[in-house]
Amino acid sequence: MSAVQPSGGSVELTGSGAQWTDRYSHALMNTFGAPRRVLVRGEGVHVWDADGRRYLDLLAGIAVNALGHAHPTLTAAISAQLGTLGHVSNFFATPVQIALAERLIALADGDADSRVFFTNSGTEANEAVFKMARRTGRPRILALEGSFHGRTMGALALTHKPAYREPFEPLPGGVEFLPFGDTAALESAMADDVAAIVLEVVQGEAGVRPLPPGYLAHARRLADDHGVLLVVDEVQTGVGRTGAWFAHQHQGLGGGVRPDVITLAKGLGGGFPVGAVVAHGRRAATLLGAGQHGTTFGGNPVAAAAALATLGVIERDGVLAHVTALGTQLAAALREIRPLVREVRGAGLLIAIELSAPVAATVADLALEAGFIVNPVTTTALRLAPPLIVTWEQVSTFVDFLAGLPSDLTGPRTVTAQKEAS
């Protein structure tokens, strides 16, 4: 295997997994630890490593590859746009950028005052939210315990986990963390000096924890009473992951509550890096004025074409209904695996398998050896976030694998969960 260079030469890309891992350790910063495998190819819901082994991808790049790998529609859209107009600065606009903004506003039930700001990732989208909150002139921002909003400094300030925060303190101030799902604590904290409350409808990093029923509606009422921005981080849950376009529109999660601001990324580009901030209402949409924020690549026409193609396939192929039906079927099958499985949480194809002992990393290692990619998001929970196009025939092979694990895995042991990047 080789990669063609502009000069006409090539870089040799052949090697075993062990050879590539050794080269990785000498060439890349150790921010993610040693790679578990070096992957060289993907097709549909499968990927192949450098040693030729095939894996069923039940993580999809952490909820990114919504259409799986090398989807023909996505590949064609990216190739066509790159061959037409690859990049312009934000001194100019492109039709695909504008069309994507209009599409997102429509999917989010936005009104005529809604506006979009494009980013490259989820953490950048939440960074923009932090600056929007500052522009209200109010000093306090509320977030929830267990939250994960990214690793740049503003987004990290909104992230609760001490292990992520402490090496980089002092972080931007003014953020207060409230107990997860505690409406009384939220009511007590709300006041006229609060700029924003930032929530995930389902906390992915904390083990796929949905907000309790009614919490988001309660937050909406309190935010209205005090003029507070209600921000919903849909970086992981957006673009069909839960069976609705956005999790806050899911009747079992957000109940149709409309936030003031939505942040998106991960699945939006189907694997191509793109994020977005969707602001509803004139106040939220005009907090950042000309020159107050920017990005070199945000709104890139190739990224916009990728996102439009992803949204188009989801709509054309009835993917939302498929996600709802398959997610229900998969969760029910997983709940039958006793005694290893204690609880199954989530919605659609964002699922946590809570195990009866802290053996999530061990199970993930065994799964990888058996040809399944899953994520031990906590010491006791596995996260599944497969491509939205995965079928029952494919996911049932993982159910059979899990059901066939030996019972002695449920004994107590200490393991380390993987970390997530944003």
# chains A, B, ... in the order shown; residues from 1 in each chain; ligands from 1
call {"tool": "select_by_dssp", "arguments": {"residues": "stretch 127-268 of chain A", "states": "helix (DSSP H, G or I)", "output": "count of residues only"}}
result
45
call {"tool": "closest_atom_pairs", "arguments": {"of": "stretch 157-193 of chain A", "to": "stretch 209-217 of chain A", "cutoff": "10 Å", "atoms": "only C-alpha atoms", "output": "Markdown table"}}
result
| residue | atom | partner | partner_atom | distance |
| --- | --- | --- | --- | --- |
| A:Phe180 | CA | A:Leu211 | CA | 7.7 |
| A:Gly181 | CA | A:Leu211 | CA | 5.8 |
| A:Asp182 | CA | A:Tyr215 | CA | 8.0 |
| A:Thr183 | CA | A:Tyr215 | CA | 6.5 |
| A:Leu186 | CA | A:Tyr215 | CA | 9.4 |
call {"tool": "write_last_selection", "arguments": {"atoms": "N, CA, C and O atoms", "output": "short mmCIF file (atom, residue, chain, number, x, y, z; two decimals), in the first residue's frame"}}
result
data_model
loop_
_atom_site.label_atom_id
_atom_site.label_comp_id
_atom_site.auth_asym_id
_atom_site.auth_seq_id
_atom_site.Cartn_x
_atom_site.Cartn_y
_atom_site.Cartn_z
N PHE A 180 -26.43 16.03 39.09
CA PHE A 180 -27.11 15.56 37.88
C PHE A 180 -28.58 15.25 38.14
O PHE A 180 -28.91 14.52 39.08
N GLY A 181 -29.44 15.84 37.34
CA GLY A 181 -30.86 15.51 37.39
C GLY A 181 -31.61 16.02 38.60
O GLY A 181 -32.76 15.64 38.80
N ASP A 182 -31.02 16.89 39.39
CA ASP A 182 -31.62 17.39 40.63
C ASP A 182 -32.34 18.71 40.34
O ASP A 182 -31.72 19.78 40.27
N THR A 183 -33.65 18.66 40.16
CA THR A 183 -34.40 19.86 39.81
C THR A 183 -34.41 20.88 40.94
O THR A 183 -34.44 22.09 40.70
N LEU A 186 -31.24 22.80 40.74
CA LEU A 186 -31.30 23.71 39.59
C LEU A 186 -32.14 24.94 39.92
O LEU A 186 -31.75 26.08 39.63
#
call {"tool": "residues_around", "arguments": {"residues": "stretch 71-80 of chain A", "least_positions_apart": "4", "cutoff": "12 Å", "atoms": "only C-alpha atoms", "output": "VMD selection string"}}
result
chain A and resid 42 to 46 65 to 67 84 to 86 96 268 to 273 300 to 314 316 to 317 387 to 389
call {"tool": "atom_distance", "arguments": {"atom1": "atom CA of A:Asp51", "atom2": "atom CA of A:Ser25"}}
result
18.0 Å
call {"tool": "closest_residue", "arguments": {"among": "A:Gly371, A:Val277, A:Val319, A:Leu402", "to": "A:Leu334", "atoms": "only C-alpha atoms"}}
result
A:Leu402
call {"tool": "residues_around", "arguments": {"residues": "A:Ala189", "least_positions_apart": "6", "cutoff": "9 Å", "atoms": "only C-alpha atoms", "output": "mmCIF file with all heavy atoms, in the first residue's frame"}}
result
data_model
loop_
_atom_site.group_PDB
_atom_site.id
_atom_site.type_symbol
_atom_site.label_atom_id
_atom_site.label_comp_id
_atom_site.auth_asym_id
_atom_site.auth_seq_id
_atom_site.Cartn_x
_atom_site.Cartn_y
_atom_site.Cartn_z
ATOM 1 N N LEU A 142 -24.027 27.621 34.505
ATOM 2 C CA LEU A 142 -24.348 26.380 35.207
ATOM 3 C C LEU A 142 -24.125 25.174 34.289
ATOM 4 O O LEU A 142 -24.468 25.218 33.103
ATOM 5 C CB LEU A 142 -25.798 26.395 35.692
ATOM 6 C CG LEU A 142 -26.224 27.596 36.544
ATOM 7 C CD1 LEU A 142 -27.701 27.458 36.925
ATOM 8 C CD2 LEU A 142 -25.358 27.727 37.788
ATOM 9 N N GLU A 176 -20.400 26.748 37.556
ATOM 10 C CA GLU A 176 -20.825 26.018 38.758
ATOM 11 C C GLU A 176 -21.467 24.707 38.317
ATOM 12 O O GLU A 176 -22.259 24.689 37.383
ATOM 13 C CB GLU A 176 -21.841 26.848 39.543
ATOM 14 C CG GLU A 176 -21.311 28.210 39.971
ATOM 15 C CD GLU A 176 -22.427 29.111 40.476
ATOM 16 O OE1 GLU A 176 -23.427 28.592 41.015
ATOM 17 O OE2 GLU A 176 -22.308 30.344 40.302
ATOM 18 N N LEU A 178 -23.897 21.499 39.088
ATOM 19 C CA LEU A 178 -25.056 21.096 39.874
ATOM 20 C C LEU A 178 -25.184 19.582 39.865
ATOM 21 O O LEU A 178 -24.797 18.930 38.887
ATOM 22 C CB LEU A 178 -26.329 21.715 39.283
ATOM 23 C CG LEU A 178 -26.311 23.230 39.062
ATOM 24 C CD1 LEU A 178 -27.629 23.663 38.426
ATOM 25 C CD2 LEU A 178 -26.076 23.965 40.378
#
call {"tool": "residues_around", "arguments": {"residues": "A:Ala279", "least_positions_apart": "2", "cutoff": "6 Å", "atoms": "only C-alpha atoms", "output": "JSON, numbers by chain"}}
result
{"A": [114, 115, 260, 261, 284, 285]}
call {"tool": "atom_distance", "arguments": {"atom1": "atom CA of A:Val175", "atom2": "atom CA of A:His293"}}
result
20.7 Å
call {"tool": "closest_residue", "arguments": {"among": "A:Ala265, A:Ile337, A:Val359, A:Val395", "to": "A:Asn120", "atoms": "only C-alpha atoms"}}
result
A:Ala265
call {"tool": "residues_around", "arguments": {"residues": "A:Gly207", "least_positions_apart": "3", "cutoff": "12 Å", "atoms": "only C-alpha atoms", "output": "PyMOL selection string"}}
result
chain A and resi 146-148+202-204+210+343-346+350-355+360+375-384+417-420
call {"tool": "closest_residue", "arguments": {"among": "A:Gly227, A:Gly110, A:Gly174, A:Ala325", "to": "A:Phe130", "atoms": "only C-alpha atoms"}}
result
A:Gly174
call {"tool": "atom_distance", "arguments": {"atom1": "atom CA of A:Pro259", "atom2": "atom CA of A:Ile62"}}
result
24.3 Å
call {"tool": "residues_around", "arguments": {"residues": "stretch 235-245 of chain A", "least_positions_apart": "4", "cutoff": "6 Å", "atoms": "only C-alpha atoms", "output": "JSON, numbers by chain"}}
result
{"A": [122, 250, 263, 264, 265, 266, 268, 320, 323, 324, 347, 348, 349]}
call {"tool": "write_last_selection", "arguments": {"atoms": "C-alpha atoms", "output": "CSV table (one decimal), in the first residue's frame"}}
result
chain,number,residue,atom,x,y,z
A,122,GLY,CA,-17.7,19.6,19.3
A,250,HIS,CA,-37.1,12.8,21.4
A,263,THR,CA,-24.1,22.4,19.7
A,264,LEU,CA,-23.4,19.7,17.2
A,265,ALA,CA,-20.5,17.8,15.7
A,266,LYS,CA,-19.5,14.0,15.7
A,268,LEU,CA,-22.9,15.7,11.5
A,320,LEU,CA,-34.4,7.6,12.2
A,323,VAL,CA,-32.4,3.5,14.7
A,324,THR,CA,-35.5,3.6,17.0
A,347,ALA,CA,-31.9,5.7,23.5
A,348,GLY,CA,-31.7,4.6,19.9
A,349,LEU,CA,-28.2,3.5,19.0
call {"tool": "closest_residue", "arguments": {"among": "A:Asp233, A:Glu315, A:Asp22, A:Asp57", "to": "A:Gln394", "atoms": "only C-alpha atoms"}}
result
A:Asp57
call {"tool": "closest_residue", "arguments": {"among": "A:Gly255, A:Thr21, A:Ala364, A:Ser16", "to": "A:Gly52", "atoms": "only C-alpha atoms"}}
result
A:Ser16
call {"tool": "closest_residue", "arguments": {"among": "A:Ser121, A:Gly318, A:Leu107, A:Val228", "to": "A:Pro139", "atoms": "only C-alpha atoms"}}
result
A:Val228
call {"tool": "select_by_dssp", "arguments": {"residues": "stretch 16-207 of chain A", "states": "strand (DSSP E)", "output": "VMD selection string"}}
result
chain A and resid 39 to 43 46 to 49 54 to 57 115 to 119 140 to 144 175 to 178 194 to 199 202 to 203
call {"tool": "write_last_selection", "arguments": {"atoms": "N, CA, C and O atoms", "output": "compact mmCIF listing (two decimals), in the first residue's frame"}}
result
# COMPACT_ATOMS: atom_id res chain seq x y z
N LEU A 39 -5.73 0.75 12.08
CA LEU A 39 -6.75 0.42 11.10
C LEU A 39 -6.38 0.98 9.73
O LEU A 39 -5.91 2.12 9.63
N VAL A 40 -6.61 0.19 8.71
CA VAL A 40 -6.18 0.60 7.37
C VAL A 40 -7.33 0.74 6.38
O VAL A 40 -7.15 1.34 5.32
N ARG A 41 -8.50 0.21 6.70
CA ARG A 41 -9.60 0.25 5.72
C ARG A 41 -10.93 0.07 6.42
O ARG A 41 -11.00 -0.58 7.47
N GLY A 42 -11.97 0.66 5.85
CA GLY A 42 -13.32 0.49 6.37
C GLY A 42 -14.31 0.35 5.24
O GLY A 42 -14.14 0.94 4.16
N GLU A 43 -15.33 -0.40 5.47
CA GLU A 43 -16.41 -0.55 4.49
C GLU A 43 -17.70 -0.87 5.24
O GLU A 43 -17.77 -1.87 5.95
N HIS A 46 -17.83 -2.31 9.01
CA HIS A 46 -16.61 -3.06 9.33
C HIS A 46 -15.35 -2.25 9.05
O HIS A 46 -15.34 -1.38 8.17
N VAL A 47 -14.31 -2.54 9.83
CA VAL A 47 -12.97 -1.99 9.57
C VAL A 47 -11.97 -3.14 9.61
O VAL A 47 -12.24 -4.20 10.20
N TRP A 48 -10.81 -2.92 8.98
CA TRP A 48 -9.76 -3.93 8.94
C TRP A 48 -8.46 -3.33 9.49
O TRP A 48 -8.16 -2.14 9.24
N ASP A 49 -7.72 -4.13 10.24
CA ASP A 49 -6.46 -3.63 10.79
C ASP A 49 -5.29 -3.98 9.86
O ASP A 49 -5.45 -4.64 8.82
N ARG A 54 -10.65 -8.36 10.56
CA ARG A 54 -11.86 -7.57 10.39
C ARG A 54 -12.58 -7.38 11.73
O ARG A 54 -12.60 -8.30 12.55
N TYR A 55 -13.17 -6.19 11.93
CA TYR A 55 -13.89 -5.88 13.17
C TYR A 55 -15.26 -5.29 12.83
O TYR A 55 -15.39 -4.50 11.89
N LEU A 56 -16.25 -5.65 13.62
CA LEU A 56 -17.55 -4.98 13.56
C LEU A 56 -17.45 -3.72 14.41
O LEU A 56 -17.21 -3.79 15.62
N ASP A 57 -17.61 -2.57 13.79
CA ASP A 57 -17.40 -1.30 14.46
C ASP A 57 -18.67 -0.88 15.20
O ASP A 57 -19.59 -0.33 14.61
N ARG A 115 -29.83 31.41 13.69
CA ARG A 115 -28.59 31.53 12.92
C ARG A 115 -27.64 30.41 13.32
O ARG A 115 -27.74 29.85 14.42
N VAL A 116 -26.67 30.11 12.43
CA VAL A 116 -25.72 29.02 12.65
C VAL A 116 -24.30 29.55 12.59
O VAL A 116 -23.98 30.43 11.78
N PHE A 117 -23.45 29.02 13.45
CA PHE A 117 -22.00 29.25 13.38
C PHE A 117 -21.34 27.89 13.21
O PHE A 117 -21.58 26.97 14.00
N PHE A 118 -20.50 27.75 12.18
CA PHE A 118 -19.86 26.46 11.90
C PHE A 118 -18.48 26.36 12.54
O PHE A 118 -17.72 27.34 12.58
N THR A 119 -18.17 25.18 13.03
CA THR A 119 -16.88 24.87 13.64
C THR A 119 -16.32 23.59 13.00
O THR A 119 -16.90 23.07 12.05
N ARG A 140 -22.31 34.07 35.74
CA ARG A 140 -22.40 32.66 36.14
C ARG A 140 -22.87 31.76 34.99
O ARG A 140 -23.77 32.12 34.23
N ILE A 141 -22.26 30.60 34.89
CA ILE A 141 -22.69 29.56 33.95
C ILE A 141 -22.91 28.28 34.74
O ILE A 141 -22.07 27.89 35.55
N LEU A 142 -24.03 27.62 34.51
CA LEU A 142 -24.35 26.38 35.21
C LEU A 142 -24.12 25.17 34.29
O LEU A 142 -24.47 25.22 33.10
N ALA A 143 -23.56 24.13 34.84
CA ALA A 143 -23.39 22.86 34.13
C ALA A 143 -23.67 21.74 35.13
O ALA A 143 -23.92 22.00 36.31
N LEU A 144 -23.64 20.50 34.67
CA LEU A 144 -24.01 19.38 35.54
C LEU A 144 -22.81 18.51 35.89
O LEU A 144 -21.88 18.36 35.10
N VAL A 175 -18.02 28.99 36.28
CA VAL A 175 -18.82 27.79 36.04
C VAL A 175 -19.13 27.10 37.36
O VAL A 175 -18.24 26.88 38.18
N GLU A 176 -20.40 26.75 37.56
CA GLU A 176 -20.83 26.02 38.76
C GLU A 176 -21.47 24.71 38.32
O GLU A 176 -22.26 24.69 37.38
N PHE A 177 -21.12 23.63 39.02
CA PHE A 177 -21.67 22.31 38.68
C PHE A 177 -22.77 21.93 39.65
O PHE A 177 -22.61 22.01 40.87
N LEU A 178 -23.90 21.50 39.09
CA LEU A 178 -25.06 21.10 39.87
C LEU A 178 -25.18 19.58 39.87
O LEU A 178 -24.80 18.93 38.89
N VAL A 194 -27.33 34.56 36.16
CA VAL A 194 -26.86 33.37 35.43
C VAL A 194 -26.96 33.66 33.93
O VAL A 194 -28.00 34.08 33.43
N ALA A 195 -25.86 33.42 33.23
CA ALA A 195 -25.85 33.63 31.78
C ALA A 195 -26.46 32.45 31.04
O ALA A 195 -27.24 32.64 30.09
N ALA A 196 -26.08 31.24 31.42
CA ALA A 196 -26.50 30.06 30.66
C ALA A 196 -26.46 28.83 31.53
O ALA A 196 -25.69 28.75 32.49
N ILE A 197 -27.28 27.87 31.19
CA ILE A 197 -27.14 26.52 31.72
C ILE A 197 -26.87 25.61 30.53
O ILE A 197 -27.57 25.65 29.52
N VAL A 198 -25.80 24.81 30.65
CA VAL A 198 -25.35 23.96 29.56
C VAL A 198 -25.56 22.50 29.95
O VAL A 198 -25.04 22.04 30.97
N LEU A 199 -26.32 21.78 29.13
CA LEU A 199 -26.73 20.41 29.48
C LEU A 199 -26.46 19.45 28.33
O LEU A 199 -26.51 19.84 27.16
N VAL A 202 -28.26 13.39 27.09
CA VAL A 202 -27.71 12.11 27.53
C VAL A 202 -26.22 12.31 27.76
O VAL A 202 -25.50 12.69 26.85
N GLN A 203 -25.76 12.09 28.98
CA GLN A 203 -24.33 12.24 29.27
C GLN A 203 -23.60 10.99 28.79
O GLN A 203 -23.65 9.94 29.44
call {"tool": "decode", "arguments": {"residues": "stretch 133-162 of chain A", "atoms": "N, CA, C and O atoms", "output": "mmCIF file, in the first residue's frame"}}
result
data_model
loop_
_atom_site.group_PDB
_atom_site.id
_atom_site.type_symbol
_atom_site.label_atom_id
_atom_site.label_comp_id
_atom_site.auth_asym_id
_atom_site.auth_seq_id
_atom_site.Cartn_x
_atom_site.Cartn_y
_atom_site.Cartn_z
ATOM 1 N N ALA A 133 -22.048 33.061 26.192
ATOM 2 C CA ALA A 133 -22.503 33.289 27.568
ATOM 3 C C ALA A 133 -21.840 34.528 28.160
ATOM 4 O O ALA A 133 -22.489 35.332 28.851
ATOM 5 N N ARG A 134 -20.554 34.679 27.903
ATOM 6 C CA ARG A 134 -19.851 35.871 28.387
ATOM 7 C C ARG A 134 -20.465 37.158 27.827
ATOM 8 O O ARG A 134 -20.508 38.196 28.502
ATOM 9 N N ARG A 135 -20.928 37.105 26.599
ATOM 10 C CA ARG A 135 -21.470 38.297 25.950
ATOM 11 C C ARG A 135 -22.816 38.725 26.537
ATOM 12 O O ARG A 135 -23.297 39.813 26.264
ATOM 13 N N THR A 136 -23.435 37.892 27.355
ATOM 14 C CA THR A 136 -24.679 38.319 28.004
ATOM 15 C C THR A 136 -24.395 39.346 29.098
ATOM 16 O O THR A 136 -25.316 40.034 29.562
ATOM 17 N N GLY A 137 -23.133 39.431 29.548
ATOM 18 C CA GLY A 137 -22.784 40.339 30.640
ATOM 19 C C GLY A 137 -23.041 39.757 32.006
ATOM 20 O O GLY A 137 -22.793 40.410 33.021
ATOM 21 N N ARG A 138 -23.520 38.536 32.046
ATOM 22 C CA ARG A 138 -23.781 37.864 33.332
ATOM 23 C C ARG A 138 -22.597 36.963 33.682
ATOM 24 O O ARG A 138 -22.009 36.333 32.806
ATOM 25 N N PRO A 139 -22.268 36.824 34.969
ATOM 26 C CA PRO A 139 -21.026 36.137 35.328
ATOM 27 C C PRO A 139 -21.119 34.619 35.503
ATOM 28 O O PRO A 139 -20.103 33.931 35.434
ATOM 29 N N ARG A 140 -22.309 34.071 35.741
ATOM 30 C CA ARG A 140 -22.396 32.662 36.142
ATOM 31 C C ARG A 140 -22.871 31.760 34.993
ATOM 32 O O ARG A 140 -23.772 32.125 34.232
ATOM 33 N N ILE A 141 -22.263 30.597 34.894
ATOM 34 C CA ILE A 141 -22.694 29.564 33.948
ATOM 35 C C ILE A 141 -22.913 28.279 34.742
ATOM 36 O O ILE A 141 -22.066 27.893 35.555
ATOM 37 N N LEU A 142 -24.027 27.621 34.505
ATOM 38 C CA LEU A 142 -24.348 26.380 35.207
ATOM 39 C C LEU A 142 -24.125 25.174 34.289
ATOM 40 O O LEU A 142 -24.468 25.218 33.103
ATOM 41 N N ALA A 143 -23.558 24.131 34.845
ATOM 42 C CA ALA A 143 -23.389 22.858 34.134
ATOM 43 C C ALA A 143 -23.670 21.741 35.134
ATOM 44 O O ALA A 143 -23.921 22.000 36.314
ATOM 45 N N LEU A 144 -23.641 20.500 34.668
ATOM 46 C CA LEU A 144 -24.011 19.384 35.540
ATOM 47 C C LEU A 144 -22.814 18.510 35.892
ATOM 48 O O LEU A 144 -21.883 18.357 35.101
ATOM 49 N N GLU A 145 -22.860 17.939 37.050
ATOM 50 C CA GLU A 145 -21.862 16.939 37.436
ATOM 51 C C GLU A 145 -21.936 15.764 36.458
ATOM 52 O O GLU A 145 -23.018 15.343 36.069
ATOM 53 N N GLY A 146 -20.790 15.272 36.070
ATOM 54 C CA GLY A 146 -20.734 14.193 35.088
ATOM 55 C C GLY A 146 -20.633 14.674 33.657
ATOM 56 O O GLY A 146 -20.508 13.864 32.737
ATOM 57 N N SER A 147 -20.657 15.998 33.474
ATOM 58 C CA SER A 147 -20.683 16.542 32.114
ATOM 59 C C SER A 147 -19.350 16.359 31.393
ATOM 60 O O SER A 147 -18.283 16.319 32.007
ATOM 61 N N PHE A 148 -19.441 16.262 30.070
ATOM 62 C CA PHE A 148 -18.258 16.308 29.204
ATOM 63 C C PHE A 148 -18.605 17.182 28.007
ATOM 64 O O PHE A 148 -19.485 16.846 27.212
ATOM 65 N N HIS A 149 -17.892 18.307 27.878
ATOM 66 C CA HIS A 149 -18.181 19.233 26.781
ATOM 67 C C HIS A 149 -16.964 19.509 25.915
ATOM 68 O O HIS A 149 -17.036 20.369 25.033
ATOM 69 N N GLY A 150 -15.832 18.834 26.188
ATOM 70 C CA GLY A 150 -14.673 19.024 25.335
ATOM 71 C C GLY A 150 -13.429 19.352 26.133
ATOM 72 O O GLY A 150 -13.460 19.433 27.365
ATOM 73 N N ARG A 151 -12.305 19.547 25.405
ATOM 74 C CA ARG A 151 -11.009 19.670 26.065
ATOM 75 C C ARG A 151 -10.299 20.989 25.810
ATOM 76 O O ARG A 151 -9.194 21.186 26.321
ATOM 77 N N THR A 152 -10.841 21.875 24.999
ATOM 78 C CA THR A 152 -10.261 23.215 24.931
ATOM 79 C C THR A 152 -10.624 23.950 26.214
ATOM 80 O O THR A 152 -11.490 23.512 26.965
ATOM 81 N N MET A 153 -9.991 25.077 26.493
ATOM 82 C CA MET A 153 -10.067 25.629 27.846
ATOM 83 C C MET A 153 -11.486 26.030 28.268
ATOM 84 O O MET A 153 -11.896 25.771 29.400
ATOM 85 N N GLY A 154 -12.236 26.675 27.380
ATOM 86 C CA GLY A 154 -13.599 27.042 27.749
ATOM 87 C C GLY A 154 -14.488 25.817 27.892
ATOM 88 O O GLY A 154 -15.251 25.697 28.856
ATOM 89 N N ALA A 155 -14.407 24.910 26.924
ATOM 90 C CA ALA A 155 -15.208 23.686 26.992
ATOM 91 C C ALA A 155 -14.784 22.825 28.177
ATOM 92 O O ALA A 155 -15.619 22.178 28.824
ATOM 93 N N LEU A 156 -13.490 22.846 28.484
ATOM 94 C CA LEU A 156 -13.005 22.079 29.631
ATOM 95 C C LEU A 156 -13.530 22.665 30.941
ATOM 96 O O LEU A 156 -13.807 21.928 31.894
ATOM 97 N N ALA A 157 -13.678 23.980 30.978
ATOM 98 C CA ALA A 157 -14.249 24.606 32.174
ATOM 99 C C ALA A 157 -15.678 24.141 32.415
ATOM 100 O O ALA A 157 -16.151 24.129 33.556
ATOM 101 N N LEU A 158 -16.374 23.739 31.343
ATOM 102 C CA LEU A 158 -17.743 23.228 31.460
ATOM 103 C C LEU A 158 -17.780 21.734 31.740
ATOM 104 O O LEU A 158 -18.845 21.170 31.978
ATOM 105 N N THR A 159 -16.615 21.090 31.659
ATOM 106 C CA THR A 159 -16.506 19.638 31.865
ATOM 107 C C THR A 159 -16.227 19.337 33.324
ATOM 108 O O THR A 159 -15.354 19.950 33.936
ATOM 109 N N HIS A 160 -16.938 18.377 33.874
ATOM 110 C CA HIS A 160 -16.899 18.181 35.318
ATOM 111 C C HIS A 160 -15.750 17.307 35.803
ATOM 112 O O HIS A 160 -15.219 17.521 36.886
ATOM 113 N N LYS A 161 -15.308 16.343 35.034
ATOM 114 C CA LYS A 161 -14.401 15.316 35.524
ATOM 115 C C LYS A 161 -13.070 15.917 35.993
ATOM 116 O O LYS A 161 -12.323 16.516 35.203
ATOM 117 N N PRO A 162 -12.728 15.753 37.274
ATOM 118 C CA PRO A 162 -11.492 16.351 37.814
ATOM 119 C C PRO A 162 -10.232 15.905 37.079
ATOM 120 O O PRO A 162 -9.306 16.704 36.897
#
